[in-house]
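As provided, work28.cif (mmCIF, N, CA and C atoms) reads as follows.
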data_start
#
loop_
_atom_site.label_atom_id
_atom_site.label_comp_id
_atom_site.auth_asym_id
_atom_site.auth_seq_id
_atom_site.Cartn_x
_atom_site.Cartn_y
_atom_site.Cartn_z
N MET A 1 -29.17 -17.71 37.01
CA MET A 1 -28.47 -18.92 36.65
C MET A 1 -28.52 -19.10 35.14
N ILE A 2 -27.42 -19.50 34.57
CA ILE A 2 -27.32 -19.67 33.12
C ILE A 2 -27.84 -21.05 32.74
N SER A 3 -28.69 -21.09 31.74
CA SER A 3 -29.24 -22.37 31.30
C SER A 3 -28.20 -23.13 30.48
N LEU A 4 -28.39 -24.42 30.37
CA LEU A 4 -27.48 -25.26 29.59
C LEU A 4 -27.48 -24.82 28.13
N GLU A 5 -28.64 -24.49 27.62
CA GLU A 5 -28.75 -24.05 26.23
C GLU A 5 -27.93 -22.78 25.98
N HIS A 6 -28.03 -21.81 26.89
CA HIS A 6 -27.27 -20.57 26.75
C HIS A 6 -25.76 -20.84 26.83
N ARG A 7 -25.39 -21.73 27.72
CA ARG A 7 -23.96 -22.07 27.87
C ARG A 7 -23.42 -22.72 26.60
N ILE A 8 -24.18 -23.62 26.01
CA ILE A 8 -23.75 -24.29 24.78
C ILE A 8 -23.64 -23.28 23.65
N LEU A 9 -24.61 -22.39 23.51
CA LEU A 9 -24.56 -21.38 22.46
C LEU A 9 -23.37 -20.44 22.65
N SER A 10 -23.10 -20.05 23.88
CA SER A 10 -21.97 -19.17 24.16
C SER A 10 -20.64 -19.86 23.87
N GLU A 11 -20.53 -21.11 24.27
CA GLU A 11 -19.29 -21.84 24.02
C GLU A 11 -19.06 -22.03 22.52
N TYR A 12 -20.13 -22.30 21.77
CA TYR A 12 -19.99 -22.45 20.32
C TYR A 12 -19.56 -21.14 19.68
N ARG A 13 -20.11 -20.03 20.14
CA ARG A 13 -19.74 -18.71 19.63
C ARG A 13 -18.26 -18.43 19.89
N ILE A 14 -17.77 -18.82 21.06
CA ILE A 14 -16.35 -18.63 21.40
C ILE A 14 -15.47 -19.49 20.52
N LYS A 15 -15.87 -20.73 20.29
CA LYS A 15 -15.09 -21.63 19.44
C LYS A 15 -14.99 -21.09 18.02
N ILE A 16 -16.08 -20.57 17.49
CA ILE A 16 -16.09 -20.01 16.15
C ILE A 16 -15.19 -18.77 16.09
N ALA A 17 -15.22 -17.95 17.12
CA ALA A 17 -14.38 -16.75 17.16
C ALA A 17 -12.90 -17.13 17.17
N LYS A 18 -12.55 -18.18 17.90
CA LYS A 18 -11.16 -18.65 17.93
C LYS A 18 -10.71 -19.10 16.54
N ILE A 19 -11.58 -19.84 15.86
CA ILE A 19 -11.25 -20.32 14.52
C ILE A 19 -11.05 -19.14 13.57
N GLU A 20 -11.96 -18.19 13.61
CA GLU A 20 -11.87 -17.03 12.72
C GLU A 20 -10.61 -16.21 12.98
N THR A 21 -10.29 -16.00 14.26
CA THR A 21 -9.10 -15.22 14.61
C THR A 21 -7.83 -15.91 14.13
N LEU A 22 -7.72 -17.22 14.37
CA LEU A 22 -6.53 -17.94 13.95
C LEU A 22 -6.43 -18.02 12.43
N ALA A 23 -7.55 -18.23 11.76
CA ALA A 23 -7.53 -18.30 10.29
C ALA A 23 -7.11 -16.96 9.70
N LYS A 24 -7.60 -15.88 10.25
CA LYS A 24 -7.22 -14.55 9.77
C LYS A 24 -5.72 -14.32 9.99
N SER A 25 -5.23 -14.75 11.14
CA SER A 25 -3.81 -14.61 11.44
C SER A 25 -2.94 -15.40 10.47
N VAL A 26 -3.36 -16.60 10.13
CA VAL A 26 -2.61 -17.43 9.19
C VAL A 26 -2.62 -16.82 7.80
N MET A 27 -3.78 -16.32 7.40
CA MET A 27 -3.92 -15.78 6.04
C MET A 27 -3.15 -14.48 5.84
N THR A 28 -3.00 -13.69 6.89
CA THR A 28 -2.35 -12.38 6.74
C THR A 28 -0.90 -12.37 7.23
N HIS A 29 -0.37 -13.53 7.52
CA HIS A 29 1.01 -13.58 8.05
C HIS A 29 2.00 -13.14 6.97
N GLN A 30 3.08 -12.48 7.41
CA GLN A 30 4.06 -11.94 6.46
C GLN A 30 4.84 -13.03 5.75
N ARG A 31 5.11 -14.11 6.44
CA ARG A 31 5.87 -15.21 5.83
C ARG A 31 4.98 -16.46 5.81
N PRO A 32 4.23 -16.66 4.75
CA PRO A 32 3.25 -17.75 4.74
C PRO A 32 3.86 -19.16 4.74
N LYS A 33 5.15 -19.29 4.47
CA LYS A 33 5.76 -20.61 4.43
C LYS A 33 6.57 -20.93 5.70
N SER A 34 6.51 -20.08 6.71
CA SER A 34 7.32 -20.26 7.91
C SER A 34 6.78 -21.39 8.78
N GLU A 35 7.61 -21.85 9.70
CA GLU A 35 7.23 -22.92 10.63
C GLU A 35 6.10 -22.46 11.55
N GLU A 36 6.12 -21.18 11.90
CA GLU A 36 5.07 -20.63 12.77
C GLU A 36 3.70 -20.78 12.12
N VAL A 37 3.61 -20.49 10.84
CA VAL A 37 2.34 -20.59 10.12
C VAL A 37 1.93 -22.05 9.97
N LYS A 38 2.88 -22.92 9.71
CA LYS A 38 2.57 -24.35 9.59
C LYS A 38 2.01 -24.89 10.90
N GLY A 39 2.62 -24.50 12.02
CA GLY A 39 2.12 -24.91 13.33
C GLY A 39 0.74 -24.36 13.62
N ALA A 40 0.53 -23.10 13.26
CA ALA A 40 -0.77 -22.48 13.47
C ALA A 40 -1.83 -23.15 12.60
N SER A 41 -1.45 -23.54 11.40
CA SER A 41 -2.38 -24.21 10.50
C SER A 41 -2.77 -25.59 11.06
N GLU A 42 -1.80 -26.30 11.62
CA GLU A 42 -2.09 -27.59 12.23
C GLU A 42 -3.01 -27.41 13.43
N PHE A 43 -2.76 -26.37 14.23
CA PHE A 43 -3.61 -26.09 15.38
C PHE A 43 -5.01 -25.70 14.93
N LEU A 44 -5.11 -25.00 13.82
CA LEU A 44 -6.41 -24.63 13.27
C LEU A 44 -7.20 -25.88 12.90
N ASP A 45 -6.54 -26.86 12.32
CA ASP A 45 -7.21 -28.13 12.00
C ASP A 45 -7.72 -28.82 13.26
N ILE A 46 -6.93 -28.76 14.33
CA ILE A 46 -7.35 -29.36 15.59
C ILE A 46 -8.57 -28.62 16.15
N LEU A 47 -8.55 -27.29 16.09
CA LEU A 47 -9.70 -26.51 16.55
C LEU A 47 -10.96 -26.82 15.75
N ILE A 48 -10.81 -26.98 14.45
CA ILE A 48 -11.96 -27.30 13.61
C ILE A 48 -12.52 -28.68 13.96
N ASP A 49 -11.64 -29.65 14.17
CA ASP A 49 -12.10 -30.99 14.56
C ASP A 49 -12.82 -30.95 15.90
N GLU A 50 -12.28 -30.20 16.85
CA GLU A 50 -12.90 -30.07 18.16
C GLU A 50 -14.27 -29.41 18.06
N THR A 51 -14.38 -28.39 17.23
CA THR A 51 -15.66 -27.70 17.04
C THR A 51 -16.66 -28.62 16.35
N ASP A 52 -16.20 -29.42 15.40
CA ASP A 52 -17.09 -30.38 14.74
C ASP A 52 -17.65 -31.39 15.74
N LYS A 53 -16.81 -31.90 16.62
CA LYS A 53 -17.26 -32.85 17.64
C LYS A 53 -18.26 -32.18 18.58
N PHE A 54 -17.98 -30.94 18.96
CA PHE A 54 -18.89 -30.19 19.82
C PHE A 54 -20.24 -30.01 19.14
N TYR A 55 -20.22 -29.69 17.85
CA TYR A 55 -21.48 -29.50 17.11
C TYR A 55 -22.24 -30.82 17.03
N GLU A 56 -21.53 -31.91 16.77
CA GLU A 56 -22.21 -33.21 16.70
C GLU A 56 -22.86 -33.57 18.03
N ASN A 57 -22.16 -33.31 19.13
CA ASN A 57 -22.69 -33.66 20.45
C ASN A 57 -23.87 -32.78 20.85
N ASN A 58 -23.89 -31.54 20.39
CA ASN A 58 -24.93 -30.59 20.79
C ASN A 58 -25.73 -30.10 19.59
N SER A 59 -25.83 -30.91 18.56
CA SER A 59 -26.46 -30.46 17.31
C SER A 59 -27.93 -30.11 17.48
N GLN A 60 -28.63 -30.81 18.35
CA GLN A 60 -30.05 -30.52 18.53
C GLN A 60 -30.26 -29.10 19.03
N ILE A 61 -29.51 -28.72 20.04
CA ILE A 61 -29.66 -27.37 20.62
C ILE A 61 -29.16 -26.31 19.65
N LEU A 62 -28.00 -26.55 19.02
CA LEU A 62 -27.42 -25.55 18.13
C LEU A 62 -28.27 -25.34 16.89
N SER A 63 -28.72 -26.41 16.27
CA SER A 63 -29.52 -26.25 15.05
C SER A 63 -30.90 -25.68 15.36
N SER A 64 -31.42 -25.98 16.54
CA SER A 64 -32.73 -25.42 16.93
C SER A 64 -32.63 -23.92 17.19
N ASN A 65 -31.43 -23.41 17.38
CA ASN A 65 -31.22 -21.98 17.58
C ASN A 65 -30.58 -21.32 16.37
N GLY A 66 -30.68 -21.95 15.21
CA GLY A 66 -30.25 -21.33 13.96
C GLY A 66 -28.76 -21.38 13.70
N LYS A 67 -28.02 -22.22 14.40
CA LYS A 67 -26.58 -22.31 14.21
C LYS A 67 -26.25 -23.46 13.26
N ARG A 68 -25.51 -23.12 12.22
CA ARG A 68 -25.03 -24.13 11.28
C ARG A 68 -23.60 -24.51 11.64
N PRO A 69 -23.11 -25.65 11.13
CA PRO A 69 -21.68 -25.93 11.29
C PRO A 69 -20.87 -24.82 10.62
N HIS A 70 -19.70 -24.56 11.13
CA HIS A 70 -18.84 -23.50 10.61
C HIS A 70 -18.50 -23.76 9.14
N ASN A 71 -18.22 -22.72 8.38
CA ASN A 71 -17.89 -22.87 6.96
C ASN A 71 -16.67 -23.75 6.74
N ARG A 72 -15.71 -23.72 7.65
CA ARG A 72 -14.51 -24.54 7.53
C ARG A 72 -14.72 -25.96 8.05
N SER A 73 -15.90 -26.25 8.52
CA SER A 73 -16.21 -27.54 9.11
C SER A 73 -16.15 -28.66 8.07
N LYS A 74 -15.82 -29.83 8.54
CA LYS A 74 -15.77 -31.01 7.67
C LYS A 74 -17.06 -31.82 7.76
N LEU A 75 -18.03 -31.32 8.53
CA LEU A 75 -19.31 -32.01 8.68
C LEU A 75 -20.19 -31.76 7.46
N THR A 76 -20.98 -32.75 7.12
CA THR A 76 -21.96 -32.56 6.06
C THR A 76 -23.30 -32.22 6.72
N ASP A 77 -24.06 -31.37 6.08
CA ASP A 77 -25.36 -30.99 6.63
C ASP A 77 -26.31 -32.18 6.58
N THR A 78 -27.12 -32.31 7.62
CA THR A 78 -28.13 -33.36 7.62
C THR A 78 -29.50 -32.71 7.44
N LYS A 79 -30.46 -33.50 7.04
CA LYS A 79 -31.81 -32.99 6.83
C LYS A 79 -32.41 -32.48 8.13
N GLU A 80 -32.14 -33.17 9.24
CA GLU A 80 -32.67 -32.76 10.54
C GLU A 80 -32.14 -31.37 10.92
N TRP A 81 -30.83 -31.15 10.75
CA TRP A 81 -30.24 -29.85 11.08
C TRP A 81 -30.86 -28.75 10.22
N ASN A 82 -30.96 -29.00 8.92
CA ASN A 82 -31.52 -27.99 8.02
C ASN A 82 -32.97 -27.67 8.36
N ASP A 83 -33.75 -28.71 8.71
CA ASP A 83 -35.14 -28.48 9.09
C ASP A 83 -35.24 -27.65 10.37
N ASN A 84 -34.38 -27.97 11.34
CA ASN A 84 -34.38 -27.21 12.60
C ASN A 84 -34.00 -25.75 12.36
N ILE A 85 -33.00 -25.54 11.53
CA ILE A 85 -32.54 -24.18 11.25
C ILE A 85 -33.60 -23.38 10.51
N GLU A 86 -34.23 -24.00 9.52
CA GLU A 86 -35.28 -23.30 8.76
C GLU A 86 -36.48 -22.98 9.64
N SER A 87 -36.86 -23.89 10.53
CA SER A 87 -37.99 -23.60 11.42
C SER A 87 -37.64 -22.47 12.38
N PHE A 88 -36.37 -22.39 12.81
CA PHE A 88 -35.94 -21.29 13.67
C PHE A 88 -36.08 -19.96 12.93
N TYR A 89 -35.64 -19.91 11.68
CA TYR A 89 -35.72 -18.66 10.91
C TYR A 89 -37.15 -18.30 10.53
N GLU A 90 -38.02 -19.28 10.43
CA GLU A 90 -39.43 -18.97 10.19
C GLU A 90 -40.05 -18.29 11.41
N ARG A 91 -39.64 -18.74 12.59
CA ARG A 91 -40.14 -18.14 13.83
C ARG A 91 -39.47 -16.80 14.11
N ASN A 92 -38.21 -16.63 13.68
CA ASN A 92 -37.42 -15.42 13.94
C ASN A 92 -36.84 -14.88 12.64
N PRO A 93 -37.64 -14.28 11.77
CA PRO A 93 -37.14 -13.87 10.46
C PRO A 93 -36.08 -12.76 10.52
N ARG A 94 -36.06 -11.97 11.56
CA ARG A 94 -35.09 -10.88 11.65
C ARG A 94 -33.68 -11.38 11.97
N GLN A 95 -33.56 -12.58 12.45
CA GLN A 95 -32.23 -13.10 12.82
C GLN A 95 -31.57 -13.86 11.67
N ARG A 96 -32.24 -13.96 10.54
CA ARG A 96 -31.64 -14.65 9.39
C ARG A 96 -30.42 -13.88 8.91
N PRO A 97 -29.30 -14.60 8.72
CA PRO A 97 -28.09 -13.89 8.26
C PRO A 97 -28.28 -13.36 6.84
N ARG A 98 -27.63 -12.25 6.57
CA ARG A 98 -27.72 -11.65 5.25
C ARG A 98 -26.87 -12.43 4.26
N LYS A 99 -27.36 -12.50 3.04
CA LYS A 99 -26.57 -13.15 1.98
C LYS A 99 -25.58 -12.16 1.43
N LYS A 100 -24.36 -12.60 1.24
CA LYS A 100 -23.31 -11.70 0.76
C LYS A 100 -23.18 -11.73 -0.73
#
Rewrite the coordinates I just gave you, this time as structure tokens.
Amino acid sequence: MISLEHRILSEYRIKIAKIETLAKSVMTHQRPKSEEVKGASEFLDILIDETDKFYENNSQILSSNGKRPHNRSKLTDTKEWNDNIESFYERNPRQRPRKK
């Protein structure tokens, strides 16, 4: 049986993948000023808002497992989230993302 925590983490991973795929599609489109791209961009904003709400509702579980809000997110980091994320990386140093 899948735990609630695993389900939330998996759903967040899927939401992030959708955002990344759509953003890449918008950025590499042949006609950047077309109606198709404008519609996709509006849908991308909706996906980002939905993901932000999901993160706010499940922030305790996500931040305790080292997940930050997405880079395109409109959320501001809170001290609680940062503390949870840092304590996760202290316990699991190999899972810390690499700096680019």
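Going from atom N of Leu44 in chain A to atom N of Val26 in chain A covers 9.3 Å.
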Env of Arg72 in chain A: 8 Å cut, atoms = all atoms listed in the file, seq-sep filter 2 positions within chain, self excluded. Answer as an mmCIF file with N, CA and C atoms, in the coordinates of the input.
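Below is the file part38.cif, written as the result:
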data_model
loop_
_atom_site.group_PDB
_atom_site.id
_atom_site.type_symbol
_atom_site.label_atom_id
_atom_site.label_comp_id
_atom_site.auth_asym_id
_atom_site.auth_seq_id
_atom_site.Cartn_x
_atom_site.Cartn_y
_atom_site.Cartn_z
ATOM 1 N N ILE A 48 -10.810 -26.980 14.450
ATOM 2 C CA ILE A 48 -11.960 -27.300 13.610
ATOM 3 C C ILE A 48 -12.520 -28.680 13.960
ATOM 4 N N ASP A 49 -11.640 -29.650 14.170
ATOM 5 C CA ASP A 49 -12.100 -30.990 14.560
ATOM 6 C C ASP A 49 -12.820 -30.950 15.900
ATOM 7 N N PRO A 69 -23.110 -25.650 11.130
ATOM 8 C CA PRO A 69 -21.680 -25.930 11.290
ATOM 9 C C PRO A 69 -20.870 -24.820 10.620
ATOM 10 N N HIS A 70 -19.700 -24.560 11.130
ATOM 11 C CA HIS A 70 -18.840 -23.500 10.610
ATOM 12 C C HIS A 70 -18.500 -23.760 9.140
ATOM 13 N N LYS A 74 -15.820 -29.830 8.540
ATOM 14 C CA LYS A 74 -15.770 -31.010 7.670
ATOM 15 C C LYS A 74 -17.060 -31.820 7.760
ATOM 16 N N LEU A 75 -18.030 -31.320 8.530
ATOM 17 C CA LEU A 75 -19.310 -32.010 8.680
ATOM 18 C C LEU A 75 -20.190 -31.760 7.460
#
DSSP on the backbone: which residues in range 2-92 of chain A end up as helix (DSSP H, G or I)? Give the answer as number ranges by chain. A: 4-27, 35-57, 59-64, 79-91
With a distance cut-off of 8 Å and only N, CA and C atoms, select the neighbouring residues of range 90-96 of chain A, excluding the residue or stretch itself and same-chain residues fewer than 5 positions from it, and output the selection as a PyMOL selection string. chain A and resi 66+84-85
Mind checking which residues fall within 8 Å of Trp81 in chain A, counting only N, CA and C atoms, ignoring those fewer than 6 positions away in the same chain, and posting them as a list in words? Ser59, Gln60, Leu62, Ser63, Ser64, Lys67, Arg68 and Ser87 of chain A
To one decimal place, how far is atom C of Lys79 in chain A from atom N of His6 in chain A in Å?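 Separation of atom C of Lys79 in chain A and atom N of His6 in chain A: 22.0 Å.
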Counting all atoms listed in the file, the residue of A:Met27, A:Ile14, A:Ile2, A:Ile8 that sits nearest Asn58 in chain A: A:Ile8
Could you tell me how far atom C of Phe54 in chain A sits from atom C of Ser3 in chain A, in Å to one decimal place?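 Interatomic distance here is 15.5 Å.
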Give the answer as one residue: which of A:Met1, A:Leu22, A:Leu9, A:Ile61 has the shortest atom-to-atom distance to Ala40 in chain A, using all atoms listed in the file?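 Closest to Ala40 in chain A, using all atoms listed in the file: A:Leu22.
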